Amino acid sequence: MPSGLIALLDDVAGIAKLTATSLDDVAAAAGKAGSKAAGVVIDDAAVTPKYVMGLTPDRELPIIWKIAKGSLRNKLLFLLPAALLLSAFAPWLLPPLLMLGGAFLCFEAVEKLLEAFEGGHDLAEEAIETHSSADLENQKVASAIRTDFILSGEIMAIALGTVAAEPVWEQAIILVVVAILITAGVYGVVGLIVKMDDIGLHLAKDGSTGRKAFGRSLVRAMPVVMAILSVVGTAAMLWVGGGLIVHGLHEFHIEPIPGTIEHIAAGAADAVPAIGGFLHWLVTAIGGAIVGLVAGGVIVGALHLLPSKKH
């Protein structure tokens, strides 16, 4: 009996070690998958604050909470099952779907650039003028969740592409971890960004001299922060979208563009080995952004020109 118990304990210890190793592998894979989707995450964090503009301060965090719950629902109830089915039955569809998603991101980025140059109208002010407070909240939440669905689809697809070689059960766990952590991270940051001016006002009114100065600095910094976020979000859409197109071309063995970008990136990395990794990433990102700008410009041009031919 004791020897049998010892054997059982040995088996349990072996299973525990195997489980711990599997969990470590899952954590590492989740981290890798999340980092691959970083560009889309940046864009998600940059895009979301606009949906709470025009609302009273007491409604900002509840609205962000509603959007966060909708985002998690998008990822876990709709996108996760779709991703696992895709992985199990049609993995060959992943590269073209990623390319299509990348093309959409490029299109959105170029549209944003055109709106910035043309001086688009303020949708938040228009909504305030034409809707009640409840209608405005519902409209903003619905719009934000629709936008999130697209960005979350990109995040889940990129994460799936990173772990496609793993067993299905491990893919499921990794995608759940990525979905929860990214949603918490994105909307935590969004909440902080949105409330930063309120924090600044509170410090400016009730704090010591140093806190008042810091509070006023926060309030003054908010327009700059929002402008930077807008620029970073657009850039992220271009380099992520273009990067997905470049990766898809590589998967289909269409090498001129991916090969050229890789050759230049490798050359830059070899030229300055001390920061070779950063230079490789930077050149690759710039190459992806250029491809994204061209692809998005072609799509926008086609969509703007085709209707005019009907007249």
# chains A, B, ... in the order shown; residues from 1 in each chain; ligands from 1
call {"tool": "residues_around", "arguments": {"residues": "Ala164 (chain A)", "least_positions_apart": "6", "cutoff": "9 Å", "atoms": "only C-alpha atoms", "output": "PyMOL selection string"}}
result
chain A and resi 87+91+171
call {"tool": "residues_around", "arguments": {"residues": "Val168 (chain A)", "least_positions_apart": "3", "cutoff": "10 Å", "atoms": "only C-alpha atoms", "output": "PyMOL selection string"}}
result
chain A and resi 84-85+87-88+163-165+171-174
call {"tool": "closest_residue", "arguments": {"among": "A:Gly185, A:Gly191, A:Gly161, A:Gly210", "to": "Pro62 (chain A)", "atoms": "only C-alpha atoms"}}
result
A:Gly191
call {"tool": "atom_distance", "arguments": {"atom1": "CA of Ile67 (chain A)", "atom2": "CA of Leu175 (chain A)"}}
result
19.6 Å
